[in-house]
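query-v1.cif (mmCIF, C-alpha atoms)
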data_my_file
loop_
_atom_site.label_atom_id
_atom_site.label_comp_id
_atom_site.auth_asym_id
_atom_site.auth_seq_id
_atom_site.Cartn_x
_atom_site.Cartn_y
_atom_site.Cartn_z
CA GLN A 1 28.29 169.74 -77.65
CA LYS A 2 30.13 167.20 -79.70
CA GLU A 3 33.11 168.82 -81.38
CA VAL A 4 35.85 168.06 -83.80
CA GLU A 5 38.82 170.40 -83.65
CA GLN A 6 41.44 171.06 -86.29
CA ASN A 7 44.13 173.68 -86.69
CA SER A 8 42.88 175.94 -89.50
CA GLY A 9 46.39 176.54 -90.86
CA PRO A 10 47.58 177.32 -93.38
CA LEU A 11 50.13 174.54 -93.05
CA SER A 12 52.93 175.08 -95.55
CA VAL A 13 55.33 172.28 -96.47
CA PRO A 14 57.93 172.02 -99.24
CA GLU A 15 57.39 169.61 -102.09
CA GLY A 16 58.55 166.11 -101.17
CA ALA A 17 58.16 166.63 -97.42
CA ILE A 18 55.75 164.90 -95.04
CA ALA A 19 52.62 166.86 -94.17
CA SER A 20 51.08 166.08 -90.79
CA LEU A 21 47.45 167.03 -90.15
CA ASN A 22 45.87 166.63 -86.74
CA CYS A 23 42.36 166.35 -85.35
CA THR A 24 40.90 165.93 -81.88
CA TYR A 25 37.34 165.01 -80.99
CA SER A 26 35.34 165.43 -77.83
CA ASP A 27 32.97 162.44 -77.79
CA ARG A 28 34.66 159.36 -76.40
CA GLY A 29 31.90 157.21 -77.94
CA SER A 30 32.96 158.10 -81.48
CA GLN A 31 33.30 155.04 -83.67
CA SER A 32 34.47 155.95 -87.16
CA PHE A 33 36.87 158.55 -88.46
CA PHE A 34 37.32 159.98 -91.91
CA TRP A 35 39.56 162.36 -93.79
CA TYR A 36 38.16 164.31 -96.72
CA ARG A 37 40.10 166.50 -99.14
CA GLN A 38 38.38 169.60 -100.47
CA TYR A 39 39.82 171.69 -103.26
CA SER A 40 38.74 175.32 -103.42
CA GLY A 41 35.23 175.60 -104.87
CA LYS A 42 34.73 171.83 -104.96
CA SER A 43 33.00 169.28 -102.75
CA PRO A 44 34.75 167.05 -100.17
CA GLU A 45 36.36 163.87 -101.47
CA LEU A 46 36.81 160.88 -99.14
CA ILE A 47 40.49 159.90 -99.00
CA MET A 48 40.86 157.81 -95.84
CA SER A 49 38.72 156.04 -93.26
CA ILE A 50 39.90 154.45 -90.01
CA TYR A 51 37.94 152.57 -87.38
CA SER A 52 40.40 150.99 -84.93
CA ASN A 53 43.46 152.18 -83.05
CA GLY A 54 46.71 152.22 -84.94
CA ASP A 55 47.84 153.13 -88.42
CA LYS A 56 46.20 152.60 -91.79
CA GLU A 57 48.18 153.21 -94.95
CA ASP A 58 46.91 153.85 -98.47
CA GLY A 59 49.51 154.93 -100.98
CA ARG A 60 51.10 158.18 -99.80
CA PHE A 61 48.47 158.61 -97.07
CA THR A 62 48.60 157.21 -93.53
CA ALA A 63 45.80 157.72 -91.03
CA GLN A 64 46.58 157.27 -87.34
CA LEU A 65 43.98 156.80 -84.61
CA ASN A 66 44.40 156.93 -80.83
CA LYS A 67 41.01 156.57 -79.16
CA ALA A 68 42.44 156.90 -75.64
CA SER A 69 43.78 160.34 -76.52
CA GLN A 70 40.79 161.12 -78.78
CA TYR A 71 43.18 161.99 -81.55
CA VAL A 72 43.31 161.19 -85.26
CA SER A 73 45.93 162.32 -87.74
CA LEU A 74 46.70 162.17 -91.43
CA LEU A 75 50.22 161.96 -92.81
CA ILE A 76 50.91 162.73 -96.44
CA ARG A 77 54.30 161.48 -97.61
CA ASP A 78 56.17 162.95 -100.59
CA SER A 79 53.79 165.94 -100.65
CA GLN A 80 52.99 167.33 -104.10
CA PRO A 81 51.63 170.75 -105.11
CA SER A 82 48.46 168.90 -106.17
CA ASP A 83 47.94 168.00 -102.49
CA SER A 84 47.30 171.68 -101.73
CA ALA A 85 43.72 171.72 -100.45
CA THR A 86 41.68 171.88 -97.27
CA TYR A 87 41.61 168.62 -95.31
CA LEU A 88 38.48 167.94 -93.30
CA CYS A 89 38.39 165.54 -90.37
CA ALA A 90 34.98 163.90 -89.83
CA VAL A 91 33.72 161.66 -87.05
CA ASN A 92 30.75 159.30 -86.72
CA LEU A 93 29.44 159.43 -83.17
CA ARG A 94 28.01 155.93 -83.26
CA SER A 95 28.41 152.89 -85.43
CA GLY A 96 26.18 152.69 -88.43
CA ASN A 97 24.75 155.23 -90.81
CA THR A 98 24.93 158.24 -88.54
CA PRO A 99 25.67 161.86 -89.38
CA LEU A 100 29.22 163.00 -89.76
CA VAL A 101 30.51 165.76 -87.48
CA PHE A 102 33.18 167.78 -89.26
CA GLY A 103 36.02 169.96 -88.13
CA LYS A 104 36.54 173.29 -89.86
CA GLY A 105 39.40 171.89 -91.89
CA THR A 106 43.12 172.53 -92.20
CA ARG A 107 44.38 174.33 -95.27
CA LEU A 108 47.53 172.70 -96.65
CA SER A 109 49.85 174.46 -99.06
CA VAL A 110 52.64 172.44 -100.72
CA ILE A 111 55.33 174.75 -102.05
CA ALA A 112 57.17 173.65 -105.21
CA ASP B 1 29.83 153.52 -111.98
CA ALA B 2 27.82 156.74 -111.63
CA GLY B 3 28.77 158.90 -108.69
CA VAL B 4 26.54 161.21 -106.68
CA THR B 5 24.88 163.86 -108.81
CA GLN B 6 23.28 167.12 -107.74
CA SER B 7 21.32 169.81 -109.52
CA PRO B 8 21.43 172.65 -110.10
CA THR B 9 25.11 173.58 -109.79
CA HIS B 10 24.44 177.21 -108.91
CA LEU B 11 21.33 179.07 -107.88
CA ILE B 12 20.55 182.69 -107.05
CA LYS B 13 17.39 183.45 -105.10
CA THR B 14 15.85 186.43 -103.34
CA ARG B 15 15.05 186.59 -99.63
CA GLY B 16 11.67 185.05 -98.87
CA GLN B 17 11.66 182.75 -101.88
CA GLN B 18 11.65 178.97 -101.82
CA VAL B 19 14.21 176.63 -103.38
CA THR B 20 14.40 172.93 -104.23
CA LEU B 21 17.70 171.13 -104.63
CA ARG B 22 18.01 167.62 -106.05
CA CYS B 23 20.34 164.68 -105.50
CA SER B 24 20.78 161.23 -107.00
CA PRO B 25 22.87 158.85 -104.90
CA LYS B 26 25.73 156.69 -106.05
CA SER B 27 24.72 153.44 -107.70
CA GLY B 28 24.02 150.81 -105.02
CA HIS B 29 23.48 153.34 -102.25
CA ASP B 30 20.16 153.76 -100.49
CA THR B 31 20.73 156.54 -97.94
CA VAL B 32 21.01 160.26 -98.61
CA SER B 33 22.28 162.84 -96.14
CA TRP B 34 22.22 166.59 -96.70
CA TYR B 35 24.81 169.01 -95.36
CA GLN B 36 25.20 172.79 -95.45
CA GLN B 37 28.69 174.24 -95.77
CA ALA B 38 29.22 177.93 -95.12
CA LEU B 39 32.40 179.59 -96.36
CA GLY B 40 35.40 178.62 -94.25
CA GLN B 41 33.46 176.07 -92.22
CA GLY B 42 33.07 172.33 -92.23
CA PRO B 43 29.81 170.83 -93.50
CA GLN B 44 26.90 170.86 -91.03
CA PHE B 45 24.41 167.99 -91.02
CA ILE B 46 20.84 168.93 -92.00
CA PHE B 47 19.02 165.57 -92.22
CA GLN B 48 19.20 162.02 -93.51
CA TYR B 49 16.73 159.98 -95.54
CA TYR B 50 16.41 156.22 -95.74
CA GLU B 51 13.45 154.20 -97.01
CA GLU B 52 11.73 157.45 -97.94
CA GLU B 53 11.66 158.66 -94.33
CA GLU B 54 13.63 161.30 -92.47
CA ARG B 55 15.70 159.27 -90.02
CA GLN B 56 17.84 161.88 -88.33
CA ARG B 57 17.87 165.65 -88.24
CA GLY B 58 20.46 168.22 -87.28
CA ASN B 59 19.91 171.61 -85.69
CA PHE B 60 18.10 173.26 -88.58
CA PRO B 61 14.68 174.98 -88.53
CA ASP B 62 11.65 173.38 -90.12
CA ARG B 63 12.04 175.78 -93.06
CA PHE B 64 14.35 173.00 -94.23
CA SER B 65 12.48 169.94 -95.39
CA GLY B 66 13.18 167.03 -97.63
CA HIS B 67 11.93 164.02 -99.43
CA GLN B 68 13.28 160.74 -100.71
CA PHE B 69 11.78 158.95 -103.69
CA PRO B 70 11.46 155.19 -104.33
CA ASN B 71 14.53 155.33 -106.60
CA TYR B 72 16.52 156.69 -103.60
CA SER B 73 16.93 160.16 -105.09
CA SER B 74 16.21 163.05 -102.76
CA GLU B 75 15.17 166.68 -102.65
CA LEU B 76 16.00 169.41 -100.16
CA ASN B 77 13.49 172.25 -99.88
CA VAL B 78 14.15 175.53 -98.13
CA ASN B 79 11.28 177.96 -97.56
CA ALA B 80 11.35 181.66 -96.70
CA LEU B 81 15.01 182.03 -97.67
CA LEU B 82 17.26 184.17 -95.48
CA LEU B 83 20.56 185.79 -96.42
CA GLY B 84 22.20 183.36 -93.99
CA ASP B 85 21.04 180.40 -96.07
CA SER B 86 23.68 181.27 -98.67
CA ALA B 87 26.03 178.30 -98.67
CA LEU B 88 27.19 175.19 -100.51
CA TYR B 89 24.59 172.45 -100.10
CA LEU B 90 26.06 168.98 -100.22
CA CYS B 91 24.37 165.65 -100.70
CA ALA B 92 26.15 162.55 -99.42
CA SER B 93 25.15 159.02 -100.27
CA SER B 94 25.89 155.80 -98.40
CA PHE B 95 24.71 152.23 -98.15
CA ARG B 96 22.81 151.18 -95.06
CA GLY B 97 24.16 147.67 -95.08
CA THR B 98 24.97 145.33 -92.23
CA GLY B 99 28.48 146.58 -91.64
CA LEU B 100 29.55 148.67 -88.70
CA THR B 101 30.60 151.68 -90.67
CA TYR B 102 29.19 153.62 -93.55
CA GLU B 103 31.38 155.72 -95.76
CA GLN B 104 29.62 158.76 -97.14
CA TYR B 105 30.40 160.09 -100.61
CA PHE B 106 29.59 163.64 -101.57
CA GLY B 107 28.13 165.03 -104.74
CA PRO B 108 29.51 168.18 -106.39
CA GLY B 109 27.19 170.41 -104.38
CA THR B 110 24.78 173.23 -105.16
CA ARG B 111 26.00 176.77 -104.51
CA LEU B 112 23.01 178.80 -103.27
CA THR B 113 23.23 182.57 -103.12
CA VAL B 114 20.42 184.50 -101.45
CA THR B 115 20.26 188.22 -102.22
#
Could the structure of this file be written out as structure tokens, please?
Amino acid sequence: QKEVEQNSGPLSVPEGAIASLNCTYSDRGSQSFFWYRQYSGKSPELIMSIYSNGDKEDGRFTAQLNKASQYVSLLIRDSQPSDSATYLCAVNLRSGNTPLVFGKGTRLSVIA
Amino acid sequence: DAGVTQSPTHLIKTRGQQVTLRCSPKSGHDTVSWYQQALGQGPQFIFQYYEEEERQRGNFPDRFSGHQFPNYSSELNVNALLLGDSALYLCASSFRGTGLTYEQYFGPGTRLTVT
């Protein structure tokens, strides 16, 4: 059973702080890793993708991947109340156009 | 640049009925994947269509079927609806190019309620 695990939260951080979201996956053959943001009642929105070990930064978001530890994380710097949402970690098991396996998501609440 | 579109937005059906959901992929994309998202869960993969054929399928019964048209749009059909089919149905589009990775972009979803 190929799994993606996330802490369901809620994770509460004050406005302006760094939010750290974590994800582990079970299949060592996983190739591609994605973070989606989902506001309540809406569909998931792709915010970050990462494919090789290390860090990838995009604006206030940094994705970190450690394939040896089977661990991927998302850091949100200078958190804003508008960042309050559920963050879904998704993994491609093979390269190419393969199905995404999702975690259950972590609910983030940024307190003003 | 048109994003992924889905219709209808909401749907209420009775147990035993059949439903058809529709999706048009993002401009330039040729692959459509369908996911089911129950409340409080992550999306679960149903199946994927490319070149008008079902290429991959998740762990869903054959009550779930689909189709892809020459213009890359797709339909998801569910027969003999059960209460447990109530969920948000998501269509994701991607481009089956020559790269190693394929980012999938979701449409707004169809909220199906079975009573």
For a quick test of understanding: name the residues of chain B lying within 12 Å of chain A when counting all atoms listed in the file, and present them as a PyMOL selection string. chain B and resi 3-6+9-10+29-50+55-59+87-111
How would the residues just picked look written out with C-alpha atoms as a CSV table (one decimal), in the coordinates of the input?
chain,number,residue,atom,x,y,z
B,3,GLY,CA,28.8,158.9,-108.7
B,4,VAL,CA,26.5,161.2,-106.7
B,5,THR,CA,24.9,163.9,-108.8
B,6,GLN,CA,23.3,167.1,-107.7
B,9,THR,CA,25.1,173.6,-109.8
B,10,HIS,CA,24.4,177.2,-108.9
B,29,HIS,CA,23.5,153.3,-102.2
B,30,ASP,CA,20.2,153.8,-100.5
B,31,THR,CA,20.7,156.5,-97.9
B,32,VAL,CA,21.0,160.3,-98.6
B,33,SER,CA,22.3,162.8,-96.1
B,34,TRP,CA,22.2,166.6,-96.7
B,35,TYR,CA,24.8,169.0,-95.4
B,36,GLN,CA,25.2,172.8,-95.4
B,37,GLN,CA,28.7,174.2,-95.8
B,38,ALA,CA,29.2,177.9,-95.1
B,39,LEU,CA,32.4,179.6,-96.4
B,40,GLY,CA,35.4,178.6,-94.2
B,41,GLN,CA,33.5,176.1,-92.2
B,42,GLY,CA,33.1,172.3,-92.2
B,43,PRO,CA,29.8,170.8,-93.5
B,44,GLN,CA,26.9,170.9,-91.0
B,45,PHE,CA,24.4,168.0,-91.0
B,46,ILE,CA,20.8,168.9,-92.0
B,47,PHE,CA,19.0,165.6,-92.2
B,48,GLN,CA,19.2,162.0,-93.5
B,49,TYR,CA,16.7,160.0,-95.5
B,50,TYR,CA,16.4,156.2,-95.7
B,55,ARG,CA,15.7,159.3,-90.0
B,56,GLN,CA,17.8,161.9,-88.3
B,57,ARG,CA,17.9,165.6,-88.2
B,58,GLY,CA,20.5,168.2,-87.3
B,59,ASN,CA,19.9,171.6,-85.7
B,87,ALA,CA,26.0,178.3,-98.7
B,88,LEU,CA,27.2,175.2,-100.5
B,89,TYR,CA,24.6,172.4,-100.1
B,90,LEU,CA,26.1,169.0,-100.2
B,91,CYS,CA,24.4,165.6,-100.7
B,92,ALA,CA,26.2,162.6,-99.4
B,93,SER,CA,25.2,159.0,-100.3
B,94,SER,CA,25.9,155.8,-98.4
B,95,PHE,CA,24.7,152.2,-98.2
B,96,ARG,CA,22.8,151.2,-95.1
B,97,GLY,CA,24.2,147.7,-95.1
B,98,THR,CA,25.0,145.3,-92.2
B,99,GLY,CA,28.5,146.6,-91.6
B,100,LEU,CA,29.6,148.7,-88.7
B,101,THR,CA,30.6,151.7,-90.7
B,102,TYR,CA,29.2,153.6,-93.6
B,103,GLU,CA,31.4,155.7,-95.8
B,104,GLN,CA,29.6,158.8,-97.1
B,105,TYR,CA,30.4,160.1,-100.6
B,106,PHE,CA,29.6,163.6,-101.6
B,107,GLY,CA,28.1,165.0,-104.7
B,108,PRO,CA,29.5,168.2,-106.4
B,109,GLY,CA,27.2,170.4,-104.4
B,110,THR,CA,24.8,173.2,-105.2
B,111,ARG,CA,26.0,176.8,-104.5
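Atom to atom, atom CA of Ala63 of chain A and atom CA of Ala19 of chain A stand 11.8 Å apart.
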Given only C-alpha atoms, how would the per-residue table for segment 56-80 of chain B near segment 14-20 of chain B read, listing every residue at most 7 Å away with its closest atom pair and distance in Å to one decimal, sorted by chain and number, as a Markdown table?
| residue | atom | partner | partner_atom | distance |
| --- | --- | --- | --- | --- |
| B:Glu75 | CA | B:Thr20 | CA | 6.5 |
| B:Leu76 | CA | B:Thr20 | CA | 5.6 |
| B:Asn77 | CA | B:Thr20 | CA | 4.5 |
| B:Val78 | CA | B:Val19 | CA | 5.4 |
| B:Asn79 | CA | B:Gln18 | CA | 4.4 |
| B:Ala80 | CA | B:Gly16 | CA | 4.0 |
Report, as JSON, the axis-aligned box around all atoms of segment 20-28 of chain A present in the file, extended by 3 Å on each side; give centre and edge lengths in Å to one decimal place.
{"center_x": 42.0, "center_y": 163.2, "center_z": -83.6, "size_x": 24.1, "size_y": 13.7, "size_z": 20.4}
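Each of B:Val114, B:Ser86, B:Glu52, B:Ser74 was checked against Leu21 of chain B using all atoms listed in the file; the smallest atom-to-atom distance is that of B:Ser74.
Put simply, atom CA of Leu93 of chain A is 6.2 Å away from atom CA of Gly29 of chain A.
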Correct to one decimal, the distance atom CA of Lys56 of chain A-atom CA of Arg37 of chain A is 16.9 Å
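Take the candidates A:Ser69, A:Asn7, A:Ser109, A:Ser79 and check each one against Asp27 of chain A using all atoms listed in the file; the shortest distance goes to A:Ser69.
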Compute the distance from (41.6, 167.0, -85.6) to each atom, counting only C-alpha atoms, keep the residues with any atom at most 7 Å away, and return them as a ChimeraX atom specification; use the coordinates of the file. /A:4-6,22-25,71-73,89,103
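Near Asn53 of chain A, within 9 Å and counting all atoms listed in the file, sit Ile50, Tyr51, Asp55, Gln64, Leu65, Asn66, Lys67 and Ala68 of chain A, not including residues fewer than 2 positions from it in the same chain.
In terms of minimum interatomic distance to Cys23 of chain B, B:Ser7 ranks closest within B:Ser65, B:Thr113, B:Asn71, B:Ser7, counting all atoms listed in the file.
The closest residue to Arg22 of chain B, picked from B:Gln68, B:Ala2, B:Thr115, B:Pro61 and counting all atoms listed in the file, is B:Gln68.
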Quick one: everything within 8 Å of Ala85 of chain A, counting all atoms listed in the file, minus sequence neighbours fewer than 5 positions away in the same chain. Send it as a ChimeraX atom specification. /A:37-40,107-109
Please return segment 26-45 of chain A, rebuilt to N, CA, C and O atoms, as a short mmCIF file (atom, residue, chain, number, x, y, z; two decimals), keeping the file's coordinate frame.
data_model
loop_
_atom_site.label_atom_id
_atom_site.label_comp_id
_atom_site.auth_asym_id
_atom_site.auth_seq_id
_atom_site.Cartn_x
_atom_site.Cartn_y
_atom_site.Cartn_z
N SER A 26 35.74 165.33 -79.23
CA SER A 26 35.34 165.43 -77.83
C SER A 26 34.54 164.22 -77.33
O SER A 26 34.56 163.94 -76.13
N ASP A 27 33.85 163.51 -78.24
CA ASP A 27 32.97 162.44 -77.79
C ASP A 27 33.71 161.11 -77.76
O ASP A 27 34.09 160.57 -78.80
N ARG A 28 33.90 160.59 -76.56
CA ARG A 28 34.66 159.36 -76.40
C ARG A 28 33.95 158.16 -77.04
O ARG A 28 34.57 157.13 -77.29
N GLY A 29 32.65 158.29 -77.31
CA GLY A 29 31.90 157.21 -77.94
C GLY A 29 32.02 157.17 -79.46
O GLY A 29 31.39 156.33 -80.10
N SER A 30 32.81 158.06 -80.03
CA SER A 30 32.96 158.10 -81.48
C SER A 30 33.52 156.80 -82.01
O SER A 30 34.39 156.18 -81.40
N GLN A 31 32.99 156.38 -83.16
CA GLN A 31 33.30 155.04 -83.67
C GLN A 31 34.12 155.03 -84.94
O GLN A 31 34.93 154.16 -85.15
N SER A 32 33.85 155.98 -85.84
CA SER A 32 34.47 155.95 -87.16
C SER A 32 35.03 157.32 -87.49
O SER A 32 34.45 158.34 -87.10
N PHE A 33 36.14 157.31 -88.24
CA PHE A 33 36.87 158.55 -88.46
C PHE A 33 37.28 158.63 -89.92
O PHE A 33 37.71 157.62 -90.51
N PHE A 34 37.11 159.81 -90.49
CA PHE A 34 37.32 159.98 -91.91
C PHE A 34 38.11 161.24 -92.19
O PHE A 34 38.00 162.23 -91.49
N TRP A 35 38.89 161.17 -93.27
CA TRP A 35 39.56 162.36 -93.79
C TRP A 35 39.03 162.63 -95.20
O TRP A 35 39.00 161.72 -96.04
N TYR A 36 38.61 163.86 -95.41
CA TYR A 36 38.16 164.31 -96.72
C TYR A 36 39.11 165.41 -97.20
O TYR A 36 39.58 166.23 -96.42
N ARG A 37 39.33 165.44 -98.49
CA ARG A 37 40.10 166.50 -99.14
C ARG A 37 39.13 167.37 -99.93
O ARG A 37 38.27 166.85 -100.65
N GLN A 38 39.27 168.68 -99.78
CA GLN A 38 38.38 169.60 -100.47
C GLN A 38 39.20 170.67 -101.17
O GLN A 38 39.82 171.51 -100.52
N TYR A 39 39.19 170.63 -102.49
CA TYR A 39 39.82 171.69 -103.26
C TYR A 39 38.90 172.91 -103.28
O TYR A 39 37.68 172.77 -103.14
N SER A 40 39.49 174.07 -103.44
CA SER A 40 38.74 175.32 -103.42
C SER A 40 37.60 175.29 -104.44
O SER A 40 37.83 175.00 -105.62
N GLY A 41 36.39 175.56 -103.98
CA GLY A 41 35.23 175.60 -104.87
C GLY A 41 34.65 174.25 -105.22
O GLY A 41 33.70 174.16 -106.01
N LYS A 42 35.22 173.18 -104.67
CA LYS A 42 34.73 171.83 -104.96
C LYS A 42 34.13 171.19 -103.71
O LYS A 42 34.16 171.77 -102.63
N SER A 43 33.60 169.99 -103.87
CA SER A 43 33.00 169.28 -102.75
C SER A 43 34.05 168.37 -102.09
O SER A 43 35.07 168.06 -102.69
N PRO A 44 33.79 167.94 -100.85
CA PRO A 44 34.75 167.05 -100.17
C PRO A 44 34.84 165.69 -100.85
O PRO A 44 33.84 165.12 -101.27
N GLU A 45 36.07 165.17 -100.89
CA GLU A 45 36.36 163.87 -101.47
C GLU A 45 36.94 162.97 -100.38
O GLU A 45 37.93 163.33 -99.74
#
